[in-house]
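Structure data follow from query.cif (mmCIF, C-alpha atoms):
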data_coords
loop_
_atom_site.label_atom_id
_atom_site.label_comp_id
_atom_site.auth_asym_id
_atom_site.auth_seq_id
_atom_site.Cartn_x
_atom_site.Cartn_y
_atom_site.Cartn_z
CA MET S 1 23.86 1.43 15.32
CA ASN S 2 22.00 4.08 13.34
CA SER S 3 20.12 1.41 11.41
CA THR S 4 19.07 -0.22 14.72
CA ILE S 5 17.70 3.08 16.02
CA LYS S 6 15.83 3.65 12.75
CA GLU S 7 14.39 0.13 12.85
CA ASN S 8 13.17 0.58 16.45
CA LYS S 9 11.52 3.87 15.57
CA GLU S 10 9.66 2.24 12.72
CA THR S 11 8.58 -0.65 14.94
CA ILE S 12 7.08 1.62 17.61
CA ARG S 13 5.37 4.05 15.23
CA PRO S 14 2.14 4.94 17.04
CA VAL S 15 -1.17 3.76 15.58
CA PHE S 16 -4.41 5.63 16.33
CA PRO S 17 -6.37 3.46 18.82
CA PHE S 18 -9.41 1.67 17.37
CA THR S 19 -11.53 2.40 20.44
CA ALA S 20 -10.79 6.15 20.15
CA ILE S 21 -12.44 6.37 16.72
CA VAL S 22 -15.68 8.33 17.02
CA GLY S 23 -18.73 7.25 14.97
CA GLN S 24 -18.58 5.10 11.81
CA GLU S 25 -20.12 2.18 13.76
CA GLU S 26 -21.08 0.27 10.60
CA MET S 27 -17.49 0.17 9.33
CA LYS S 28 -16.09 -0.79 12.74
CA LEU S 29 -18.63 -3.61 13.14
CA ALA S 30 -17.88 -5.00 9.64
CA LEU S 31 -14.12 -5.08 10.42
CA ILE S 32 -14.59 -6.72 13.82
CA LEU S 33 -16.87 -9.45 12.41
CA ASN S 34 -14.38 -10.22 9.62
CA VAL S 35 -11.61 -10.54 12.19
CA ILE S 36 -13.75 -12.93 14.26
CA ASP S 37 -14.60 -15.02 11.16
CA PRO S 38 -12.33 -14.35 8.13
CA LYS S 39 -14.56 -16.71 6.08
CA ILE S 40 -17.15 -13.91 5.86
CA GLY S 41 -15.08 -12.81 2.88
CA GLY S 42 -13.74 -9.35 3.64
CA VAL S 43 -15.33 -5.94 3.53
CA MET S 44 -15.66 -3.20 0.96
CA ILE S 45 -15.79 0.28 2.50
CA MET S 46 -17.11 3.01 0.23
CA GLY S 47 -17.46 6.59 1.38
CA ASP S 48 -16.54 10.23 1.25
CA ARG S 49 -12.97 11.48 1.41
CA GLY S 50 -11.52 12.15 4.86
CA THR S 51 -13.96 9.99 6.83
CA GLY S 52 -11.30 7.87 8.58
CA LYS S 53 -11.46 4.76 6.36
CA SER S 54 -7.68 4.11 6.25
CA THR S 55 -7.20 5.12 9.92
CA THR S 56 -9.85 2.63 11.09
CA ILE S 57 -8.50 -0.23 8.97
CA ARG S 58 -4.93 0.26 10.21
CA ALA S 59 -6.21 0.54 13.79
CA ILE S 60 -7.98 -2.86 13.72
CA ALA S 61 -4.72 -4.70 12.94
CA ASP S 62 -3.06 -3.13 15.98
CA LEU S 63 -5.90 -4.45 18.13
CA LEU S 64 -5.46 -8.14 17.29
CA PRO S 65 -3.64 -10.67 19.48
CA LYS S 66 -0.29 -12.05 18.27
CA ILE S 67 -0.34 -15.24 16.20
CA GLU S 68 1.87 -18.32 16.50
CA VAL S 69 3.86 -19.07 13.32
CA VAL S 70 6.55 -21.48 12.17
CA LYS S 71 9.83 -19.64 12.76
CA ASP S 72 11.48 -18.01 9.69
CA ASP S 73 8.66 -19.22 7.45
CA LEU S 74 7.93 -17.09 4.36
CA PHE S 75 4.17 -17.66 4.55
CA ASN S 76 3.43 -17.16 8.29
CA SER S 77 2.49 -20.87 8.42
CA HIS S 78 0.37 -22.14 11.31
CA PRO S 79 2.30 -24.78 13.34
CA SER S 80 -0.60 -27.30 13.41
CA ASN S 81 -3.47 -26.25 11.07
CA VAL S 82 -2.67 -27.78 7.65
CA ASP S 83 -5.02 -25.35 5.84
CA LEU S 84 -2.81 -22.45 6.96
CA MET S 85 0.50 -24.21 6.38
CA SER S 86 2.88 -24.37 3.40
CA ASP S 87 3.38 -27.74 1.65
CA GLU S 88 6.99 -27.95 2.94
CA ASN S 89 5.89 -27.55 6.57
CA LYS S 90 3.01 -29.98 6.06
CA LYS S 91 5.46 -32.61 4.79
CA ALA S 92 7.83 -31.91 7.71
CA LEU S 93 4.92 -32.34 10.15
CA GLN S 94 3.88 -35.63 8.53
CA ASP S 95 7.49 -36.85 8.77
CA GLY S 96 7.39 -36.19 12.51
CA THR S 97 9.74 -33.19 12.49
CA ASN S 98 9.31 -30.76 15.37
CA LEU S 99 8.60 -27.28 13.98
CA THR S 100 10.15 -24.35 15.85
CA THR S 101 7.58 -21.62 16.45
CA SER S 102 7.55 -17.94 17.33
CA TYR S 103 4.93 -15.23 17.82
CA MET S 104 4.34 -12.24 15.53
CA ASN S 105 1.88 -9.38 15.15
CA VAL S 106 -1.00 -10.01 12.74
CA PRO S 107 0.37 -8.85 9.36
CA MET S 108 -1.24 -5.74 7.88
CA ILE S 109 -0.25 -5.48 4.22
CA ASP S 110 -0.95 -2.43 2.05
CA LEU S 111 -1.35 -3.14 -1.65
CA PRO S 112 -0.22 -0.13 -3.71
CA LEU S 113 -2.30 0.88 -6.75
CA GLY S 114 0.60 0.42 -9.17
CA ALA S 115 1.42 -3.14 -8.03
CA THR S 116 2.16 -5.71 -10.76
CA GLU S 117 0.85 -9.28 -10.81
CA ASP S 118 4.34 -10.59 -9.93
CA ARG S 119 4.51 -8.27 -6.90
CA VAL S 120 1.11 -9.49 -5.72
CA CYS S 121 1.46 -13.25 -6.41
CA GLY S 122 5.24 -13.70 -6.19
CA THR S 123 7.71 -14.96 -8.80
CA ILE S 124 9.69 -18.09 -9.58
CA ASP S 125 13.36 -17.66 -10.48
CA ILE S 126 13.32 -19.44 -13.88
CA GLU S 127 17.08 -19.00 -14.46
CA LYS S 128 17.97 -20.75 -11.21
CA ALA S 129 15.44 -23.49 -11.90
CA LEU S 130 16.93 -24.19 -15.36
CA THR S 131 20.62 -23.86 -14.51
CA GLU S 132 20.79 -25.28 -10.97
CA GLY S 133 17.56 -27.28 -10.80
CA ILE S 134 16.46 -25.36 -7.69
CA LYS S 135 12.87 -24.17 -7.39
CA THR S 136 13.31 -20.67 -5.88
CA PHE S 137 10.18 -18.73 -5.05
CA GLU S 138 10.22 -15.02 -4.29
CA PRO S 139 7.06 -14.45 -2.17
CA GLY S 140 4.65 -11.66 -3.08
CA LEU S 141 2.18 -9.64 -1.03
CA LEU S 142 -0.32 -12.55 -0.85
CA ALA S 143 2.29 -14.67 0.97
CA LYS S 144 3.03 -11.89 3.44
CA ALA S 145 -0.69 -11.33 4.07
CA ASN S 146 -1.41 -14.96 5.01
CA ARG S 147 -3.31 -15.05 8.35
CA GLY S 148 -3.52 -11.26 8.34
CA ILE S 149 -5.23 -8.34 6.67
CA LEU S 150 -4.68 -7.21 3.07
CA TYR S 151 -5.75 -3.62 2.56
CA VAL S 152 -6.38 -2.12 -0.88
CA ASP S 153 -7.03 1.62 -0.86
CA GLU S 154 -8.94 2.93 -3.90
CA VAL S 155 -9.81 -0.65 -4.89
CA ASN S 156 -12.20 0.71 -7.53
CA LEU S 157 -9.15 2.10 -9.40
CA LEU S 158 -7.21 -1.20 -9.31
CA ASP S 159 -6.94 -3.33 -12.48
CA ASP S 160 -9.85 -5.79 -12.67
CA HIS S 161 -7.59 -8.83 -13.18
CA LEU S 162 -5.66 -7.98 -9.98
CA VAL S 163 -8.92 -7.61 -8.04
CA ASP S 164 -9.92 -11.04 -9.44
CA ILE S 165 -6.66 -12.58 -8.18
CA LEU S 166 -7.14 -11.08 -4.72
CA LEU S 167 -10.74 -12.28 -4.46
CA ASP S 168 -9.87 -15.79 -5.70
CA SER S 169 -7.09 -16.13 -3.13
CA ALA S 170 -9.25 -14.72 -0.34
CA ALA S 171 -12.04 -17.20 -1.18
CA SER S 172 -9.90 -20.32 -1.67
CA GLY S 173 -7.20 -19.55 0.91
CA TRP S 174 -4.46 -20.56 -1.55
CA ASN S 175 -2.33 -18.83 -4.16
CA THR S 176 -0.82 -20.77 -7.07
CA VAL S 177 1.98 -19.35 -9.23
CA GLU S 178 2.62 -21.03 -12.61
CA ARG S 179 5.69 -20.10 -14.66
CA GLU S 180 7.17 -22.06 -17.59
CA GLY S 181 5.87 -25.42 -16.35
CA ILE S 182 6.98 -24.80 -12.76
CA SER S 183 4.26 -24.52 -10.14
CA VAL S 184 4.37 -23.21 -6.56
CA ARG S 185 1.42 -23.17 -4.17
CA HIS S 186 1.17 -21.51 -0.78
CA PRO S 187 -1.54 -20.61 1.78
CA ALA S 188 -3.06 -17.13 1.40
CA ARG S 189 -5.94 -16.84 3.84
CA PHE S 190 -6.48 -13.21 4.76
CA VAL S 191 -9.18 -10.66 5.44
CA LEU S 192 -9.48 -8.57 2.29
CA VAL S 193 -10.39 -4.97 3.00
CA GLY S 194 -11.01 -2.57 0.15
CA SER S 195 -11.86 1.10 0.38
CA GLY S 196 -12.78 3.72 -2.18
CA ASN S 197 -14.70 6.84 -3.04
CA PRO S 198 -17.80 6.15 -5.22
CA GLU S 199 -17.23 9.46 -7.04
CA GLU S 200 -14.05 7.98 -8.56
CA GLY S 201 -15.83 5.03 -10.15
CA GLU S 202 -17.75 1.91 -9.17
CA LEU S 203 -16.46 -1.64 -8.93
CA ARG S 204 -17.91 -4.14 -11.42
CA PRO S 205 -21.00 -5.88 -9.90
CA GLN S 206 -19.48 -9.37 -10.24
CA LEU S 207 -16.38 -8.24 -8.30
CA LEU S 208 -18.41 -6.32 -5.73
CA ASP S 209 -20.49 -9.46 -5.09
CA ARG S 210 -17.33 -11.33 -4.04
CA PHE S 211 -16.80 -9.06 -1.04
CA GLY S 212 -18.58 -10.49 2.00
CA MET S 213 -19.71 -7.13 3.36
CA HIS S 214 -20.20 -3.61 2.09
CA ALA S 215 -20.08 -0.64 4.47
CA GLU S 216 -21.16 2.83 3.39
CA ILE S 217 -19.51 5.76 5.15
CA ARG S 218 -20.95 9.24 5.18
CA THR S 219 -19.43 12.47 6.49
CA VAL S 220 -20.68 13.22 10.01
CA LYS S 221 -23.14 16.16 9.97
CA ASP S 222 -23.61 16.68 13.74
CA PRO S 223 -21.39 19.68 14.74
CA GLU S 224 -20.72 18.34 18.28
CA LEU S 225 -19.58 14.99 16.92
CA ARG S 226 -17.36 16.71 14.35
CA VAL S 227 -15.70 18.77 17.11
CA GLN S 228 -15.17 15.58 19.16
CA ILE S 229 -13.49 13.86 16.17
CA VAL S 230 -11.21 16.86 15.51
CA GLU S 231 -10.24 17.06 19.20
CA GLN S 232 -9.50 13.33 19.34
CA ARG S 233 -7.24 13.55 16.30
CA THR S 234 -5.50 16.71 17.55
CA ASN S 235 -4.80 15.11 20.94
CA PHE S 236 -3.30 12.06 19.22
CA ASP S 237 -1.09 14.15 16.93
CA GLN S 238 0.19 16.25 19.84
CA ASN S 239 0.76 13.40 22.30
CA PRO S 240 0.26 9.91 20.78
CA LYS S 241 1.67 8.08 23.83
CA GLN S 242 -0.82 9.71 26.19
CA CYS S 243 -3.74 9.03 23.81
CA ILE S 244 -2.74 5.34 23.52
CA GLU S 245 -2.35 5.14 27.32
CA ASP S 246 -5.83 6.65 27.87
CA CYS S 247 -7.36 4.01 25.58
CA LYS S 248 -5.33 1.10 26.95
CA LYS S 249 -8.13 -0.43 29.04
CA ASN S 250 -10.76 -0.10 26.29
CA GLN S 251 -8.32 -1.59 23.76
CA SER S 252 -7.50 -4.48 26.09
CA ASP S 253 -11.20 -5.20 26.79
CA LEU S 254 -12.07 -5.22 23.07
CA LYS S 255 -9.06 -7.42 22.27
CA GLN S 256 -10.22 -9.93 24.89
CA LYS S 257 -13.82 -9.80 23.59
CA ILE S 258 -12.63 -10.59 20.03
CA LYS S 259 -10.44 -13.44 21.31
CA GLU S 260 -13.36 -14.98 23.23
CA ALA S 261 -15.67 -14.60 20.22
CA GLN S 262 -13.17 -16.45 17.99
CA LEU S 263 -13.16 -19.38 20.45
CA LEU S 264 -16.95 -19.35 20.84
CA LEU S 265 -17.74 -19.10 17.10
CA SER S 266 -17.76 -22.85 16.30
CA ASN S 267 -20.41 -23.49 19.00
CA ILE S 268 -22.92 -20.86 17.79
CA THR S 269 -26.17 -22.23 16.38
CA ILE S 270 -28.83 -20.60 14.23
CA ASP S 271 -32.41 -21.95 14.17
CA TYR S 272 -33.83 -23.44 10.97
CA ASP S 273 -36.71 -20.89 11.02
CA LEU S 274 -34.26 -17.98 11.03
CA ARG S 275 -32.21 -19.52 8.21
CA ILE S 276 -35.41 -19.89 6.16
CA LYS S 277 -36.25 -16.22 6.79
CA ILE S 278 -32.74 -15.09 5.73
CA SER S 279 -33.12 -17.00 2.45
CA GLN S 280 -36.63 -15.57 2.04
CA VAL S 281 -35.20 -12.04 2.32
CA CYS S 282 -32.51 -12.87 -0.27
CA GLY S 283 -35.07 -14.39 -2.61
CA GLU S 284 -37.47 -11.46 -2.34
CA LEU S 285 -34.64 -8.98 -2.99
CA ASP S 286 -33.76 -11.00 -6.12
CA VAL S 287 -30.16 -11.54 -4.98
CA ASP S 288 -28.19 -13.55 -7.56
CA GLY S 289 -26.50 -16.72 -6.30
CA LEU S 290 -26.26 -17.96 -2.73
CA ARG S 291 -23.36 -15.86 -1.43
CA GLY S 292 -25.79 -13.49 0.28
CA ASP S 293 -27.40 -16.34 2.27
CA ILE S 294 -24.05 -17.85 3.27
CA VAL S 295 -22.44 -14.56 4.33
CA THR S 296 -25.51 -13.40 6.32
CA ASN S 297 -25.55 -16.70 8.26
CA ARG S 298 -21.82 -16.43 9.01
CA ALA S 299 -21.99 -12.76 9.97
CA ALA S 300 -24.99 -13.33 12.29
CA LYS S 301 -23.08 -16.13 14.06
CA ALA S 302 -19.98 -13.91 14.41
CA TYR S 303 -22.13 -11.09 15.85
CA ALA S 304 -23.76 -13.49 18.34
CA ALA S 305 -20.28 -14.75 19.37
CA PHE S 306 -19.08 -11.15 19.79
CA ASN S 307 -21.95 -10.59 22.25
CA GLY S 308 -21.19 -13.84 24.08
CA GLU S 309 -24.41 -15.58 23.04
CA GLN S 310 -24.84 -19.27 22.17
CA THR S 311 -27.66 -18.92 19.63
CA VAL S 312 -28.44 -16.35 16.95
CA LYS S 313 -31.47 -14.10 17.51
CA SER S 314 -33.36 -12.08 14.91
CA SER S 315 -31.86 -8.90 16.42
CA ASP S 316 -28.37 -10.24 15.53
CA ILE S 317 -29.46 -10.77 11.92
CA SER S 318 -30.98 -7.26 11.86
CA LYS S 319 -27.56 -5.78 12.73
CA VAL S 320 -25.68 -7.51 9.89
CA ILE S 321 -28.10 -8.19 7.02
CA THR S 322 -27.80 -4.74 5.41
CA LEU S 323 -23.98 -5.00 5.44
CA CYS S 324 -24.20 -8.42 3.79
CA LEU S 325 -26.80 -7.72 1.09
CA ARG S 326 -26.86 -4.05 0.03
CA HIS S 327 -24.14 -4.48 -2.66
CA ARG S 328 -25.78 -7.60 -4.14
CA LEU S 329 -28.99 -5.94 -5.32
CA ARG S 330 -29.51 -5.23 -9.00
CA LYS S 331 -29.29 -1.53 -9.78
CA ASP S 332 -32.53 0.05 -10.94
CA PRO S 333 -32.06 3.59 -12.32
CA LEU S 334 -35.71 4.40 -11.52
CA GLU S 335 -35.48 3.22 -7.90
CA THR S 336 -35.72 6.12 -5.41
CA MET S 337 -34.97 4.05 -2.28
CA ASN S 338 -31.29 3.25 -1.65
CA SER S 339 -30.28 -0.42 -1.44
CA GLY S 340 -29.66 -0.38 2.33
CA GLU S 341 -33.17 0.92 3.07
CA LYS S 342 -34.64 -1.64 0.65
CA VAL S 343 -32.92 -4.50 2.53
CA LYS S 344 -34.17 -3.16 5.87
CA LYS S 345 -37.75 -2.79 4.58
CA VAL S 346 -37.93 -6.38 3.29
CA PHE S 347 -36.21 -7.69 6.46
CA ASN S 348 -38.73 -5.93 8.73
CA ARG S 349 -41.68 -7.29 6.77
CA ILE S 350 -40.47 -10.92 6.77
CA PHE S 351 -39.28 -10.88 10.40
CA GLU S 352 -42.24 -8.85 11.68
CA GLU S 353 -43.64 -11.71 13.75
CA GLU S 354 -40.23 -12.11 15.40
CA GLU S 355 -39.11 -9.85 18.24
CA ILE S 356 -36.63 -7.44 16.60
#
I'd like the structure from this file rewritten - as structure tokens, please.
Amino acid sequence: MNSTIKENKETIRPVFPFTAIVGQEEMKLALILNVIDPKIGGVMIMGDRGTGKSTTIRAIADLLPKIEVVKDDLFNSHPSNVDLMSDENKKALQDGTNLTTSYMNVPMIDLPLGATEDRVCGTIDIEKALTEGIKTFEPGLLAKANRGILYVDEVNLLDDHLVDILLDSAASGWNTVEREGISVRHPARFVLVGSGNPEEGELRPQLLDRFGMHAEIRTVKDPELRVQIVEQRTNFDQNPKQCIEDCKKNQSDLKQKIKEAQLLLSNITIDYDLRIKISQVCGELDVDGLRGDIVTNRAAKAYAAFNGEQTVKSSDISKVITLCLRHRLRKDPLETMNSGEKVKKVFNRIFEEEEI
């Protein structure tokens, strides 16, 4: 009985409402767009200590609608989409077996700094495979994060090879574990969210480039806004139920808006002229590779869907292009302008004949 009470308490642990978070609009927008289209490739949030990075990331997961999964599946497999389904379930579906389904909250997985590769990717029980001929896979954090959010706090302090594994899985949507000639593959499509403080070290440029978006968070300077943030947090700490109740309508409206945007996304179009201009901005900023072009196009479509539009306008691109490109610029020690301002300046010049 005690264990049941403890479990229930853990299940209903209050989460600070996303819509109650004051300021930090850039970070909130980046998270919402990644939830609408996970193919954007995640978001890296760099900023000062105590600016609400972790609070905001945990709050977005609580905002998402429940997902349908194959019951008792280790990988949160989708019941019909083969790209989000384990090989076993795919085979069962092809054989005409009816898969039992259930609904669950979108998984929000925290990756601890000291995690090993086996804990992240999962392990194969070699002894059982050799003695009994049974391929037993112990799922890791990537399996649990499938169709959800994987959050890495202080990502700039994580081992580079682990960051590589996370980014590879996030990009391909699959995780493969190879041990002693035995191979196991499972879906691992998730929104990768990393956060860190730039004072504690930078991420290597080639790893930073793999994140779809990069949000920069600064401490709020306006005294009135600071007081509002402190009051909001104090109210939540004193009476979380009341705070959640007060935000219920706003939370419900935003949840519905995200759901509608996800359905609308595949119908959004972006004119050839605008696509040319996006690539022109990337070319002029000397962005390596084509990730910048791809991510900006995807993010602009997601932003248009979020606003209920059918076509992308230059104002939509204006809202997302800095998030998509600022971390892809080559660092120049003599440059006085920060990368975000540089992106904006080039964007304004190239799009100047458009209505921004």
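Running the PyMOL selection byres ((chain S and resi 112) around 10) on this file leaves Ile109, Asp110, Leu111, Leu113, Gly114, Ala115, Thr116, Arg119, Val120, Tyr151, Val152, Asp153, Glu154, Val155 and Leu158 of chain S selected.
Taking CA of Glu127 (chain S) and CA of Asp73 (chain S) as endpoints, the distance between them is 23.5 Å.
Within the file as shown, the PyMOL selection byres ((chain S and resi 166) around 10) identifies Val120, Cys121, Leu142, Leu150, Val152, Asp160, His161, Leu162, Val163, Asp164, Ile165, Leu167, Asp168, Ser169, Ala170, Ala171, Asn175, Ala188, Phe190 and Leu192 of chain S.
Using only C-alpha atoms, the shortest contact distance between Thr19 (chain S) and any of S:Thr101, S:Thr123, S:Asn146, S:Asn250 is found at S:Asn250.
Considering all atoms listed in the file, the residue among S:Asp118, S:Glu309, S:Glu200, S:Asp293 positioned nearest to Leu265 (chain S) is S:Glu309.
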- Pick from S:Ala30, S:Ile270, S:Arg189, S:Gly41 nearest to Ser77 (chain S), counting only C-alpha atoms: S:Arg189
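Counting all atoms listed in the file and comparing S:Val320, S:Val193, S:Val43, S:Leu203, the residue that lies closest to Ile149 (chain S) is S:Val193.
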- Message: As a check of understanding, name the residues that the PyMOL selection byres ((chain S and resi 330) around 10) selects in the supplied structure, as number ranges by chain.
- Response: S: 205, 285-288, 326-329, 331-333, 339
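Distances from S:Leu263, S:Glu224, S:Met213, S:Phe236 to Gly292 (chain S) were compared using all atoms listed in the file, and the smallest one belongs to S:Met213.
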- Message: Tell me which residues come within 10 Å of (-0.7, -29.2, 14.4), as a ChimeraX atom specification, counting only C-alpha atoms in the file's coordinates.
- Response: /S:78-82,85,90,93-94,99
What's the 12 Å shell around Lys248 (chain S), counting all atoms listed in the file, without same-chain residues fewer than 3 positions away, as a compact mmCIF listing (two decimals) with C-alpha atoms, in the frame of the given file?
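Saved result, part22.txt, follows:
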# COMPACT_ATOMS: atom_id res chain seq x y z
CA PHE S 16 -4.41 5.63 16.33
CA PRO S 17 -6.37 3.46 18.82
CA PHE S 18 -9.41 1.67 17.37
CA THR S 19 -11.53 2.40 20.44
CA ALA S 20 -10.79 6.15 20.15
CA ASP S 62 -3.06 -3.13 15.98
CA LEU S 63 -5.90 -4.45 18.13
CA LYS S 241 1.67 8.08 23.83
CA GLN S 242 -0.82 9.71 26.19
CA CYS S 243 -3.74 9.03 23.81
CA ILE S 244 -2.74 5.34 23.52
CA GLU S 245 -2.35 5.14 27.32
CA GLN S 251 -8.32 -1.59 23.76
CA SER S 252 -7.50 -4.48 26.09
CA ASP S 253 -11.20 -5.20 26.79
CA LEU S 254 -12.07 -5.22 23.07
CA LYS S 255 -9.06 -7.42 22.27
- Note on the structure: One residue among S:Gln232, S:Asn307, S:Thr55, S:Thr296 is nearest to Thr322 (chain S) when using only C-alpha atoms, and that residue is S:Thr296
Give me, as a PDB file with C-alpha atoms, keeping the file's coordinate frame, all polymer residues having an atom no more than 12 Å from Ser266 (chain S), counting all atoms listed in the file and skipping those fewer than 6 positions away in the same chain.
ATOM      1  CA  ILE S  36     -13.750 -12.930  14.260  1.00  0.00           C
ATOM      2  CA  ASP S  37     -14.600 -15.020  11.160  1.00  0.00           C
ATOM      3  CA  GLU S 260     -13.360 -14.980  23.230  1.00  0.00           C
ATOM      4  CA  ARG S 298     -21.820 -16.430   9.010  1.00  0.00           C
ATOM      5  CA  LYS S 301     -23.080 -16.130  14.060  1.00  0.00           C
ATOM      6  CA  ALA S 302     -19.980 -13.910  14.410  1.00  0.00           C
ATOM      7  CA  ALA S 304     -23.760 -13.490  18.340  1.00  0.00           C
ATOM      8  CA  ALA S 305     -20.280 -14.750  19.370  1.00  0.00           C
ATOM      9  CA  GLU S 309     -24.410 -15.580  23.040  1.00  0.00           C
ATOM     10  CA  GLN S 310     -24.840 -19.270  22.170  1.00  0.00           C
ATOM     11  CA  THR S 311     -27.660 -18.920  19.630  1.00  0.00           C
TER      12      THR S 311
END
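Picture a line from CA of Asn156 (chain S) to CA of His214 (chain S); it runs 13.2 Å.
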- Query: Which protein, DNA or RNA residues are at most 12 Å from (-36.2, -21.7, 12.6) in the file's coordinates when you count only C-alpha atoms, listed as a ChimeraX atom specification?
  - Reply: /S:269-279,311-314,351,354
- Give me, please, the distance in Å between CA of Asp316 (chain S) and CA of Ala300 (chain S), quoted to one decimal. 5.6 Å
